[in-house]
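*Asks:* Take a look at start.pdb, PDB, C-alpha atoms:
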MODEL        1
ATOM      1  CA  MET A   1      12.770 -11.338  -7.464
ATOM      2  CA  VAL A   2      12.109 -13.967  -4.825
ATOM      3  CA  THR A   3       8.457 -14.814  -4.596
ATOM      4  CA  LEU A   4       7.357 -16.564  -1.452
ATOM      5  CA  TYR A   5       3.955 -18.078  -1.139
ATOM      6  CA  TRP A   6       2.009 -18.672   2.034
ATOM      7  CA  HIS A   7       3.175 -22.270   2.122
ATOM      8  CA  ASP A   8       6.837 -21.198   2.262
ATOM      9  CA  ILE A   9       6.110 -18.605   4.897
ATOM     10  CA  TYR A  10       4.133 -21.100   6.932
ATOM     11  CA  CYS A  11       7.019 -23.585   6.789
ATOM     12  CA  LYS A  12       9.549 -20.962   7.897
ATOM     13  CA  PHE A  13       7.439 -19.913  10.846
ATOM     14  CA  ASN A  14       6.697 -23.538  11.639
ATOM     15  CA  ASP A  15      10.445 -24.244  11.866
ATOM     16  CA  LEU A  16      10.845 -21.234  14.098
ATOM     17  CA  GLU A  17       7.982 -22.376  16.283
ATOM     18  CA  GLN A  18       9.608 -25.776  16.709
ATOM     19  CA  MET A  19      12.875 -24.129  17.741
ATOM     20  CA  VAL A  20      11.378 -21.925  20.427
ATOM     21  CA  MET A  21       8.671 -24.302  21.663
ATOM     22  CA  ILE A  22       9.001 -25.030  25.348
ATOM     23  CA  ASP A  23       7.965 -28.404  26.663
ATOM     24  CA  LEU A  24       6.894 -28.836  30.292
ATOM     25  CA  ASP A  25       9.886 -31.157  30.678
ATOM     26  CA  ASP A  26      12.144 -28.244  29.736
ATOM     27  CA  ILE A  27      11.293 -26.286  32.868
ATOM     28  CA  CYS A  28      13.504 -26.669  35.909
ATOM     29  CA  SER A  29      14.766 -24.624  38.793
ATOM     30  CA  LEU A  30      17.939 -22.577  38.644
ATOM     31  CA  SER A  31      19.342 -24.544  41.561
ATOM     32  CA  ASP A  32      18.735 -27.850  39.698
ATOM     33  CA  PHE A  33      20.496 -26.407  36.654
ATOM     34  CA  GLN A  34      23.457 -25.386  38.805
ATOM     35  CA  ARG A  35      23.591 -28.790  40.456
ATOM     36  CA  ARG A  36      23.441 -30.829  37.218
ATOM     37  CA  THR A  37      24.893 -28.377  34.711
ATOM     38  CA  ARG A  38      26.593 -30.997  32.495
ATOM     39  CA  GLU A  39      23.429 -33.045  32.180
ATOM     40  CA  HIS A  40      21.420 -29.960  31.235
ATOM     41  CA  ILE A  41      23.978 -28.900  28.632
ATOM     42  CA  ARG A  42      23.857 -32.391  27.052
ATOM     43  CA  ARG A  43      20.078 -32.126  26.874
ATOM     44  CA  LEU A  44      20.138 -28.598  25.455
ATOM     45  CA  ARG A  45      22.505 -29.719  22.696
ATOM     46  CA  ALA A  46      20.593 -32.916  21.969
ATOM     47  CA  THR A  47      17.121 -31.425  21.727
ATOM     48  CA  GLY A  48      17.946 -27.931  20.450
ATOM     49  CA  ARG A  49      15.085 -26.733  22.631
ATOM     50  CA  PRO A  50      15.449 -24.047  25.289
ATOM     51  CA  GLU A  51      15.155 -24.652  29.010
ATOM     52  CA  VAL A  52      13.264 -22.320  31.289
ATOM     53  CA  LEU A  53      14.905 -21.838  34.652
ATOM     54  CA  THR A  54      12.747 -20.841  37.578
ATOM     55  CA  VAL A  55      13.589 -18.919  40.713
ATOM     56  CA  ASN A  56      11.115 -19.273  43.563
ATOM     57  CA  GLY A  57       8.748 -21.093  41.203
ATOM     58  CA  ARG A  58       8.670 -18.335  38.615
ATOM     59  CA  ALA A  59      10.266 -18.346  35.164
ATOM     60  CA  ALA A  60      13.400 -16.244  35.436
ATOM     61  CA  LEU A  61      15.799 -17.320  32.686
ATOM     62  CA  VAL A  62      15.721 -19.102  29.331
ATOM     63  CA  VAL A  63      18.822 -21.044  28.384
ATOM     64  CA  HIS A  64      19.599 -22.132  24.846
ATOM     65  CA  ASP A  65      22.521 -23.921  23.264
ATOM     66  CA  ALA A  66      24.540 -21.607  21.028
ATOM     67  CA  ALA A  67      23.848 -23.416  17.734
ATOM     68  CA  SER A  68      20.078 -23.455  18.046
ATOM     69  CA  TYR A  69      20.093 -19.889  19.366
ATOM     70  CA  GLN A  70      21.924 -18.822  16.212
ATOM     71  CA  GLU A  71      19.340 -20.715  14.130
ATOM     72  CA  ILE A  72      16.581 -18.729  15.804
ATOM     73  CA  VAL A  73      18.400 -15.461  15.165
ATOM     74  CA  ASN A  74      18.861 -16.459  11.506
ATOM     75  CA  ALA A  75      15.223 -17.512  11.188
ATOM     76  CA  LEU A  76      14.034 -14.250  12.707
ATOM     77  CA  GLU A  77      16.244 -12.296  10.354
ATOM     78  CA  ARG A  78      14.833 -14.236   7.378
ATOM     79  CA  ALA A  79      11.307 -13.619   8.642
ATOM     80  CA  ARG A  80      12.036  -9.928   9.136
ATOM     81  CA  THR A  81      13.298  -9.510   5.582
ATOM     82  CA  LEU A  82      10.567 -11.664   4.052
ATOM     83  CA  PRO A  83       8.957  -9.825   1.179
ATOM     84  CA  ALA A  84       5.600 -10.778   2.646
ATOM     85  CA  PHE A  85       3.829  -8.343   0.378
ATOM     86  CA  THR A  86       4.631 -10.542  -2.604
ATOM     87  CA  SER A  87       3.211 -13.626  -0.966
ATOM     88  CA  THR A  88      -0.284 -13.052  -2.202
ATOM     89  CA  VAL A  89       0.744 -11.890  -5.624
ATOM     90  CA  PRO A  90       1.190 -14.667  -8.145
ATOM     91  CA  ASP A  91       3.851 -14.178 -10.825
ATOM     92  CA  VAL A  92       1.242 -14.643 -13.532
ATOM     93  CA  LEU A  93      -2.102 -12.904 -13.395
ATOM     94  CA  GLU A  94      -4.433 -15.855 -13.277
ATOM     95  CA  PRO A  95      -7.977 -15.080 -14.431
ATOM     96  CA  ASP A  96     -10.234 -14.365 -11.496
ATOM     97  CA  PRO A  97     -13.832 -15.523 -12.120
ATOM     98  CA  VAL A  98     -15.334 -12.481 -10.373
ATOM     99  CA  VAL A  99     -13.154 -10.066 -12.318
ATOM    100  CA  GLU A 100     -13.900 -11.949 -15.547
ATOM    101  CA  ASP A 101     -17.600 -11.460 -14.883
ATOM    102  CA  TYR A 102     -17.136  -7.729 -14.281
ATOM    103  CA  LYS A 103     -14.974  -7.534 -17.404
ATOM    104  CA  GLN A 104     -17.899  -8.500 -19.628
ATOM    105  CA  HIS A 105     -19.556  -5.215 -18.707
ATOM    106  CA  VAL A 106     -16.585  -2.929 -19.294
ATOM    107  CA  ASP A 107     -17.261  -0.375 -22.020
ATOM    108  CA  ARG A 108     -14.200  -0.982 -24.166
ATOM    109  CA  THR A 109     -15.085   1.787 -26.590
ATOM    110  CA  LEU A 110     -14.158   4.326 -23.894
ATOM    111  CA  LEU A 111     -10.902   2.512 -23.241
ATOM    112  CA  ARG A 112     -10.001   2.411 -26.925
ATOM    113  CA  GLU A 113     -10.663   6.133 -27.152
ATOM    114  CA  ASN A 114      -8.416   6.734 -24.161
ATOM    115  CA  LEU A 115      -5.653   4.542 -25.523
ATOM    116  CA  ARG A 116      -5.540   6.774 -28.593
ATOM    117  CA  ARG A 117      -4.908   9.782 -26.348
ATOM    118  CA  THR A 118      -1.642  10.881 -24.758
ATOM    119  CA  VAL A 119      -1.127  10.770 -20.994
ATOM    120  CA  GLU A 120      -1.593  14.558 -20.840
ATOM    121  CA  GLN A 121      -4.912  14.277 -22.694
ATOM    122  CA  ARG A 122      -6.108  11.474 -20.399
ATOM    123  CA  VAL A 123      -5.304  13.489 -17.277
ATOM    124  CA  ALA A 124      -6.842  16.616 -18.811
ATOM    125  CA  ASN A 125     -10.037  14.594 -19.368
ATOM    126  CA  LEU A 126      -9.947  13.491 -15.746
ATOM    127  CA  VAL A 127      -9.600  17.105 -14.586
ATOM    128  CA  ALA A 128     -12.495  18.153 -16.833
ATOM    129  CA  LEU A 129     -14.614  15.231 -15.621
ATOM    130  CA  GLN A 130     -13.831  16.161 -12.036
ATOM    131  CA  ALA A 131     -14.889  19.763 -12.697
ATOM    132  CA  LEU A 132     -18.106  18.514 -14.293
ATOM    133  CA  THR A 133     -18.833  16.267 -11.288
ATOM    134  CA  PHE A 134     -18.127  19.139  -8.921
ATOM    135  CA  GLU A 135     -20.467  21.421 -10.872
ATOM    136  CA  ALA A 136     -23.215  18.769 -11.024
ATOM    137  CA  ARG A 137     -22.983  18.273  -7.249
ATOM    138  CA  ARG A 138     -23.079  22.005  -6.656
ATOM    139  CA  ALA A 139     -26.156  22.330  -8.890
ATOM    140  CA  GLY A 140     -27.871  19.429  -7.105
ATOM    141  CA  GLU A 141     -27.186  20.898  -3.679
ATOM    142  CA  ALA A 142     -28.436  24.309  -4.798
ATOM    143  CA  ALA A 143     -31.645  22.714  -6.126
ATOM    144  CA  ARG A 144     -32.192  20.861  -2.849
ATOM    145  CA  ARG A 145     -31.642  24.067  -0.870
ATOM    146  CA  ARG A 146     -34.158  25.914  -3.058
ATOM    147  CA  SER A 147     -36.619  23.070  -2.670
ATOM    148  CA  ARG A 148     -36.295  23.073   1.127
ATOM    149  CA  ALA A 149     -36.706  26.855   1.202
ATOM    150  CA  ALA A 150     -39.850  26.554  -0.944
ATOM    151  CA  GLY A 151     -41.533  24.102   1.380
ATOM    152  CA  GLY A 152     -39.687  20.800   1.344
ATOM    153  CA  GLY A 153     -40.732  19.290  -1.975
ATOM    154  CA  LYS A 154     -38.514  16.476  -3.240
ATOM    155  CA  VAL A 155     -35.933  17.072  -5.906
ATOM    156  CA  GLY A 156     -35.309  14.206  -8.293
ATOM    157  CA  GLN A 157     -32.689  11.524  -7.483
TER     158      GLN A 157
ATOM    159  CA  MET I   1     -12.135  19.329  -5.828
ATOM    160  CA  THR I   2      -8.559  18.151  -6.038
ATOM    161  CA  ASP I   3      -6.140  20.314  -7.972
ATOM    162  CA  PHE I   4      -4.016  17.550  -9.495
ATOM    163  CA  GLU I   5      -1.652  19.962 -11.181
ATOM    164  CA  THR I   6      -0.890  21.902  -8.009
ATOM    165  CA  LEU I   7      -0.280  18.866  -5.835
ATOM    166  CA  ILE I   8       1.753  16.917  -8.404
ATOM    167  CA  GLY I   9       3.656  20.114  -9.180
ATOM    168  CA  ALA I  10       4.408  20.692  -5.497
ATOM    169  CA  LEU I  11       5.777  17.177  -5.057
ATOM    170  CA  ALA I  12       7.788  17.241  -8.271
ATOM    171  CA  THR I  13       9.327  20.676  -7.772
ATOM    172  CA  GLY I  14      10.046  19.764  -4.163
ATOM    173  CA  ARG I  15      12.068  16.786  -5.507
ATOM    174  CA  VAL I  16       9.963  14.350  -3.483
ATOM    175  CA  GLU I  17      10.531  10.704  -4.375
ATOM    176  CA  PHE I  18       7.086   9.298  -5.077
ATOM    177  CA  VAL I  19       5.233   6.835  -7.290
ATOM    178  CA  ILE I  20       1.736   7.581  -8.540
ATOM    179  CA  VAL I  21      -0.626   4.699  -7.797
ATOM    180  CA  GLY I  22      -4.399   4.305  -7.473
ATOM    181  CA  GLY I  23      -6.991   6.072  -9.588
ATOM    182  CA  LEU I  24      -4.648   8.640 -11.114
ATOM    183  CA  ALA I  25      -2.304   5.850 -12.235
ATOM    184  CA  ALA I  26      -5.341   4.098 -13.729
ATOM    185  CA  THR I  27      -6.159   7.282 -15.652
ATOM    186  CA  VAL I  28      -2.593   7.460 -16.930
ATOM    187  CA  HIS I  29      -2.999   3.946 -18.314
ATOM    188  CA  GLY I  30      -6.289   4.797 -20.019
ATOM    189  CA  SER I  31      -8.986   4.179 -17.418
ATOM    190  CA  ALA I  32     -12.227   6.049 -18.014
ATOM    191  CA  ARG I  33     -13.094   6.132 -14.324
ATOM    192  CA  LEU I  34     -13.214   9.267 -12.214
ATOM    193  CA  THR I  35     -10.894   9.596  -9.268
ATOM    194  CA  GLN I  36     -11.100  12.420  -6.785
ATOM    195  CA  ASP I  37      -7.794  12.237  -5.005
ATOM    196  CA  ILE I  38      -4.150  11.491  -5.582
ATOM    197  CA  ASP I  39      -2.529   8.346  -4.206
ATOM    198  CA  VAL I  40       1.235   8.255  -4.025
ATOM    199  CA  VAL I  41       3.729   5.901  -2.445
ATOM    200  CA  TYR I  42       6.560   7.968  -0.990
ATOM    201  CA  ALA I  43      10.101   7.024   0.051
ATOM    202  CA  ARG I  44      10.471   6.830   3.811
ATOM    203  CA  ASN I  45      14.021   8.101   4.160
ATOM    204  CA  GLU I  46      14.468  11.225   6.268
ATOM    205  CA  THR I  47      15.559  13.448   3.379
ATOM    206  CA  ASN I  48      12.452  12.570   1.439
ATOM    207  CA  LEU I  49      10.178  13.059   4.432
ATOM    208  CA  ALA I  50      11.640  16.537   4.894
ATOM    209  CA  ARG I  51      11.027  17.311   1.211
ATOM    210  CA  LEU I  52       7.477  16.002   1.468
ATOM    211  CA  VAL I  53       6.797  18.152   4.527
ATOM    212  CA  ASP I  54       8.278  21.245   2.862
ATOM    213  CA  SER I  55       6.504  20.791  -0.452
ATOM    214  CA  LEU I  56       3.000  20.369   0.995
ATOM    215  CA  ALA I  57       3.267  22.673   4.036
ATOM    216  CA  ARG I  58       1.903  25.713   2.199
ATOM    217  CA  TYR I  59      -1.295  23.743   1.397
ATOM    218  CA  GLU I  60      -2.066  23.258   5.100
ATOM    219  CA  PRO I  61      -2.209  19.457   5.250
ATOM    220  CA  TYR I  62      -4.671  18.015   7.742
ATOM    221  CA  LEU I  63      -5.978  14.525   8.444
ATOM    222  CA  ARG I  64      -8.949  13.910   6.163
ATOM    223  CA  GLY I  65     -12.163  13.229   8.037
ATOM    224  CA  ALA I  66     -10.738  14.284  11.396
ATOM    225  CA  PRO I  67     -12.737  16.819  13.408
ATOM    226  CA  THR I  68     -11.458  20.338  12.881
ATOM    227  CA  GLY I  69      -9.327  21.805  15.617
ATOM    228  CA  LEU I  70      -7.410  18.664  16.486
ATOM    229  CA  PRO I  71      -3.714  19.307  16.932
ATOM    230  CA  PHE I  72      -1.977  17.946  13.844
ATOM    231  CA  ASP I  73       1.690  18.639  13.469
ATOM    232  CA  TRP I  74       2.723  18.385   9.819
ATOM    233  CA  SER I  75       6.317  17.398  10.397
ATOM    234  CA  VAL I  76       8.934  14.778   9.655
ATOM    235  CA  GLN I  77       8.400  13.355  13.141
ATOM    236  CA  THR I  78       4.686  12.885  12.495
ATOM    237  CA  LEU I  79       5.393  11.113   9.200
ATOM    238  CA  GLN I  80       7.980   8.926  10.906
ATOM    239  CA  ARG I  81       5.447   7.872  13.517
ATOM    240  CA  GLY I  82       2.920   6.709  10.918
ATOM    241  CA  LEU I  83       2.964   5.036   7.527
ATOM    242  CA  ASN I  84      -0.121   5.785   5.449
ATOM    243  CA  PHE I  85      -1.807   9.164   5.728
ATOM    244  CA  THR I  86      -5.071  10.307   4.154
ATOM    245  CA  ILE I  87      -4.565  14.019   3.916
ATOM    246  CA  THR I  88      -6.722  16.916   2.871
ATOM    247  CA  THR I  89      -5.101  20.170   1.772
ATOM    248  CA  THR I  90      -6.194  23.524   0.422
ATOM    249  CA  ALA I  91      -5.404  22.052  -3.019
ATOM    250  CA  GLY I  92      -7.458  18.912  -2.460
ATOM    251  CA  ASP I  93      -7.055  15.379  -1.195
ATOM    252  CA  ILE I  94      -3.935  13.280  -1.327
ATOM    253  CA  ASP I  95      -3.149   9.870   0.143
ATOM    254  CA  LEU I  96       0.453   9.488   1.195
ATOM    255  CA  LEU I  97       1.242   5.803   1.377
ATOM    256  CA  GLY I  98       4.395   4.364   2.887
ATOM    257  CA  GLU I  99       3.461   0.925   1.567
ATOM    258  CA  ILE I 100       0.728  -0.659  -0.468
ATOM    259  CA  THR I 101      -0.589  -4.208  -0.238
ATOM    260  CA  GLY I 102       0.940  -6.439  -2.862
ATOM    261  CA  GLY I 103       3.566  -3.893  -3.807
ATOM    262  CA  GLY I 104       5.486  -2.822  -0.724
ATOM    263  CA  GLY I 105       7.243   0.494  -0.389
ATOM    264  CA  TYR I 106       8.778   3.007  -2.757
ATOM    265  CA  ALA I 107      11.994   1.040  -3.322
ATOM    266  CA  ASP I 108      10.050  -2.164  -4.032
ATOM    267  CA  LEU I 109       7.882  -0.426  -6.614
ATOM    268  CA  LEU I 110      10.615   1.438  -8.475
ATOM    269  CA  SER I 111      11.351  -1.358 -10.936
ATOM    270  CA  HIS I 112       7.640  -1.563 -11.766
ATOM    271  CA  THR I 113       7.149   2.055 -12.744
ATOM    272  CA  ILE I 114       7.036   4.004 -15.962
ATOM    273  CA  GLU I 115       8.284   7.544 -16.386
ATOM    274  CA  ILE I 116       5.571   9.963 -17.449
ATOM    275  CA  ASP I 117       5.445  13.661 -18.143
ATOM    276  CA  LEU I 118       2.607  15.126 -16.088
ATOM    277  CA  PHE I 119       1.836  18.855 -16.010
ATOM    278  CA  GLY I 120       5.358  19.464 -17.260
ATOM    279  CA  HIS I 121       6.995  17.347 -14.565
ATOM    280  CA  SER I 122       8.687  14.005 -14.930
ATOM    281  CA  CYS I 123       6.953  11.562 -12.571
ATOM    282  CA  LYS I 124       7.023   7.881 -11.796
ATOM    283  CA  CYS I 125       3.785   5.956 -12.222
ATOM    284  CA  LEU I 126       3.133   2.334 -11.324
ATOM    285  CA  ASP I 127       2.956   0.217 -14.492
ATOM    286  CA  LEU I 128      -0.333  -1.337 -15.532
ATOM    287  CA  THR I 129       0.491  -4.935 -14.615
ATOM    288  CA  TRP I 130       1.594  -3.960 -11.106
ATOM    289  CA  LEU I 131      -1.346  -1.669 -10.674
ATOM    290  CA  ILE I 132      -3.557  -4.694 -11.332
ATOM    291  CA  ARG I 133      -1.460  -6.891  -9.018
ATOM    292  CA  THR I 134      -1.689  -4.443  -6.129
ATOM    293  CA  LYS I 135      -5.414  -3.907  -6.627
ATOM    294  CA  ARG I 136      -5.916  -7.673  -6.660
ATOM    295  CA  ALA I 137      -3.791  -8.114  -3.551
ATOM    296  CA  ALA I 138      -5.763  -5.455  -1.687
ATOM    297  CA  GLY I 139      -8.816  -7.666  -2.225
ATOM    298  CA  ARG I 140     -11.382  -4.912  -1.718
ATOM    299  CA  PRO I 141     -14.789  -5.610  -3.252
ATOM    300  CA  ARG I 142     -15.059  -1.988  -4.426
ATOM    301  CA  ASP I 143     -11.960  -2.524  -6.592
ATOM    302  CA  PHE I 144     -13.438  -5.324  -8.721
ATOM    303  CA  GLU I 145     -14.823  -2.972 -11.348
ATOM    304  CA  MET I 146     -11.564  -1.102 -11.582
ATOM    305  CA  ILE I 147      -9.546  -4.341 -11.825
ATOM    306  CA  ALA I 148     -11.844  -5.534 -14.604
ATOM    307  CA  GLU I 149     -11.315  -2.274 -16.468
ATOM    308  CA  LEU I 150      -7.536  -2.375 -15.971
ATOM    309  CA  GLU I 151      -7.357  -5.962 -17.191
ATOM    310  CA  ALA I 152      -9.467  -5.012 -20.208
ATOM    311  CA  LEU I 153      -6.968  -2.196 -20.858
ATOM    312  CA  LEU I 154      -4.120  -4.693 -20.665
ATOM    313  CA  GLU I 155      -5.896  -6.880 -23.221
ATOM    314  CA  GLU I 156      -6.657  -3.943 -25.491
ATOM    315  CA  ARG I 157      -3.058  -2.818 -25.309
ATOM    316  CA  GLY I 158      -1.590  -6.278 -25.710
ATOM    317  CA  SER I 159       0.096  -8.080 -22.864
ATOM    318  CA  SER I 160       3.312  -6.068 -23.157
ATOM    319  CA  ASP I 161       4.204  -3.865 -20.217
ATOM    320  CA  THR I 162       5.938  -1.490 -22.566
ATOM    321  CA  TYR I 163       4.158   1.777 -22.295
ATOM    322  CA  SER I 164       3.031   3.604 -25.394
ATOM    323  CA  ALA I 165       1.290   6.922 -24.993
TER     324      ALA I 165
ENDMDL
END
Once you've parsed the file, please lay out its structure as structure tokens.
*Replies:*
Amino acid sequence: MVTLYWHDIYCKFNDLEQMVMIDLDDICSLSDFQRRTREHIRRLRATGRPEVLTVNGRAALVVHDAASYQEIVNALERARTLPAFTSTVPDVLEPDPVVEDYKQHVDRTLLRENLRRTVEQRVANLVALQALTFEARRAGEAARRRSRAAGGGKVGQ
Amino acid sequence: MTDFETLIGALATGRVEFVIVGGLAATVHGSARLTQDIDVVYARNETNLARLVDSLARYEPYLRGAPTGLPFDWSVQTLQRGLNFTITTTAGDIDLLGEITGGGGYADLLSHTIEIDLFGHSCKCLDLTWLIRTKRAAGRPRDFEMIAELEALLEERGSSDTYSA
């Protein structure tokens, strides 16, 4: 699997940004482009940057030389297919100091018990635990209702 | 209360392509924590969406937390217009995820799953290492305790990803 880190992704988008960046010098009128077409084509090929052509002072067209246009298409395609979701996931699980701190308080006796059980037994325990939680909540709510009905005294936490 | 057996059974018998992730996957791997819903990553192809719609339709899926009475059309078109759906049904809560952070979609996760037998159905479940990876990538503070527990499970089990029941 290809793993791309933020640095790689940044570089790819940076390249793309360079390719599509428009300089103020790259803006000209359509009539100027028509008048000096050869000169503009030389510039497009030399810089690889697009030119914005204006009509009545407003941007109307963007012209690119074929090679750099293809590079942009390729770069966009690479960006589109980037497995970005892997970018934050290192290949090796490096210890995380916060998680390591939490880990000290994990009750491993429960885990060892569970590891001795089958998947079916683990899920059955979950279902039973869920039923217990549901019943405890129901009992708590019933107690609070009774308490309110009896005059609003507090029921324990 | 979520009826795990009913919902998993509905998906499995409806031949829905899905991977169990989240709290239920953690339970499968030995977590002692309680989870109250089912999280699955489902394949987004049209055939699978149709199967998903058919298999859950009888449980009256509705957007969890949404005010009652809102028009919600449980259909392939609705699933195509969204990606991740938190759904409540008459059999309990289920999160239908098109993608998860750090893991991607169904096809991306397939090679990181184990085959388990759950309520008599063969199901795919995200393996322990990738469950940890995706939880880490999500970066939610509330997941720290679970990540710590999952990493402790990995240590207790040895670093091998090979699953042993």
*Asks:* Give me, as CSV, the closest atom pair and its distance (Å, one decimal) for every residue of chain A within a cut-off of 8 Å of chain I, counting all atoms listed in the file, rows sorted by chain and rising number.
*Replies:*
residue,atom,partner,partner_atom,distance
A:Phe85,CA,I:Gly102,CA,4.7
A:Thr86,CA,I:Gly102,CA,5.5
A:Ser87,CA,I:Gly102,CA,7.8
A:Thr88,CA,I:Ala137,CA,6.2
A:Val89,CA,I:Gly102,CA,6.1
A:Leu93,CA,I:Arg133,CA,7.5
A:Val98,CA,I:Phe144,CA,7.6
A:Val99,CA,I:Ala148,CA,5.2
A:Glu100,CA,I:Ala148,CA,6.8
A:Tyr102,CA,I:Ala148,CA,5.7
A:Lys103,CA,I:Ala148,CA,4.7
A:Val106,CA,I:Glu149,CA,6.0
A:Arg108,CA,I:Ala152,CA,7.4
A:Leu110,CA,I:Ala32,CA,6.4
A:Leu111,CA,I:Gly30,CA,6.1
A:Arg112,CA,I:Glu156,CA,7.3
A:Asn114,CA,I:Gly30,CA,5.0
A:Leu115,CA,I:Gly30,CA,5.5
A:Arg116,CA,I:Ala165,CA,7.7
A:Arg117,CA,I:Ala165,CA,7.0
A:Thr118,CA,I:Ala165,CA,4.9
A:Val119,CA,I:Val28,CA,5.4
A:Glu120,CA,I:Leu118,CA,6.4
A:Arg122,CA,I:Thr27,CA,6.3
A:Val123,CA,I:Thr27,CA,6.5
A:Leu126,CA,I:Leu34,CA,6.4
A:Val127,CA,I:Phe4,CA,7.6
A:Leu129,CA,I:Leu34,CA,7.0
A:Gln130,CA,I:Leu34,CA,6.9
A:Ala131,CA,I:Met1,CA,7.4
A:Phe134,CA,I:Met1,CA,6.7
*Asks:* Interatomic distance between atom CA of I:Gln77 and atom CA of I:Leu63?
*Replies:*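 We find that atom CA of I:Gln77 and atom CA of I:Leu63 lie 15.2 Å from each other.
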*Asks:* What's the separation between atom CA of I:Leu131 and atom CA of I:Leu56, in Å to one decimal place?
*Replies:*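 The value is 25.3 Å.
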*Asks:* Can you list what the PyMOL selection byres ((chain A and resi 29) around 6) grabs from this structure, as a list in words?
*Replies:* Cys28, Leu30, Ser31, Asp32, Leu53 and Thr54 of chain A
*Asks:* Which residue, I:Ala10, I:Ala91, I:Leu83, I:Ile114, has the smallest gap to I:Ala43 when you use only C-alpha atoms?
*Replies:*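 Between I:Ala10, I:Ala91, I:Leu83, I:Ile114, the residue approaching I:Ala43 most closely is I:Leu83.
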*Asks:* To test your reading of the syntax: which residues would the PyMOL selection byres ((chain I and resi 54) around 12) return for the file shown? Reply as a ChimeraX atom specification.
*Replies:* /I:10-16,47-53,55-61,74-76
*Asks:* Mind telling me what the PyMOL selection byres ((chain A and resi 50) around 6) catches here, as a list in words?
*Replies:*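 This file gives the following for the PyMOL selection byres ((chain A and resi 50) around 6): Arg49, Glu51, Val63 and His64 of chain A.
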*Asks:* Export C-alpha atoms of the chosen residues as an mmCIF file, in the frame of the given file?
*Replies:*
data_model
loop_
_atom_site.group_PDB
_atom_site.id
_atom_site.type_symbol
_atom_site.label_atom_id
_atom_site.label_comp_id
_atom_site.auth_asym_id
_atom_site.auth_seq_id
_atom_site.Cartn_x
_atom_site.Cartn_y
_atom_site.Cartn_z
ATOM 1 C CA ARG A 49 15.085 -26.733 22.631
ATOM 2 C CA GLU A 51 15.155 -24.652 29.010
ATOM 3 C CA VAL A 63 18.822 -21.044 28.384
ATOM 4 C CA HIS A 64 19.599 -22.132 24.846
#
*Asks:* One number please: atom CA of A:Asp26 to atom CA of A:Leu61, in Å, one decimal.
*Replies:*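 One can read the atom CA of A:Asp26 to atom CA of A:Leu61 distance as 11.9 Å.
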*Asks:* Could you tell me which of I:Gly158, I:Tyr62, I:Leu109, I:Asp73 comes closest to I:Thr90 if we count all atoms listed in the file?
*Replies:* I:Tyr62
*Asks:* Using 8 Å of padding on each side, determine the axis-aligned box around all atoms of stretch 128-141 of chain A present in the file and give its centre and edge lengths in Å to one decimal, as AutoDock Vina command-line options.
*Replies:*
--center_x -20.2 --center_y 18.8 --center_z -10.3 --size_x 31.4 --size_y 23.1 --size_z 29.2
*Asks:* Closest to I:Lys124 among I:Tyr42, I:Arg142, I:Asp37, I:Leu7, using only C-alpha atoms?
*Replies:*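 Checking each of I:Tyr42, I:Arg142, I:Asp37, I:Leu7 against I:Lys124, counting only C-alpha atoms, the winner is I:Tyr42.
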*Asks:* Between I:Thr6, I:Asn84, I:Thr68, I:Thr78, which residue has the minimum interatomic distance to I:Val40, considering all atoms listed in the file?
*Replies:*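 Using all atoms listed in the file, I:Val40 sits closest to I:Asn84.
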*Asks:* May I ask which of the residues I:Leu79, I:Leu126, I:Ile8, I:Val41 is the closest one to I:Asp95, counting all atoms listed in the file?
*Replies:*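 Looking only at the distances to I:Asp95, the closest residue turns out to be I:Val41.
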*Asks:* Please determine, counting only C-alpha atoms, which residue among A:Asp65, A:Glu71, A:Glu94, A:Asp25 has the shortest atom-to-atom distance to A:Arg42.
*Replies:*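 Nearest to A:Arg42: A:Asp65.
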*Asks:* For the point (11.5, 6.4, -0.9) in the file's frame, write as a list of chain:residue names all residues with an atom no more than 6 Å away, counting all atoms listed in the file.
*Replies:*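 The distance filter leaves exactly I:Glu17, I:Tyr42, I:Ala43, I:Arg44, I:Asn45, I:Tyr106, I:Ala107.
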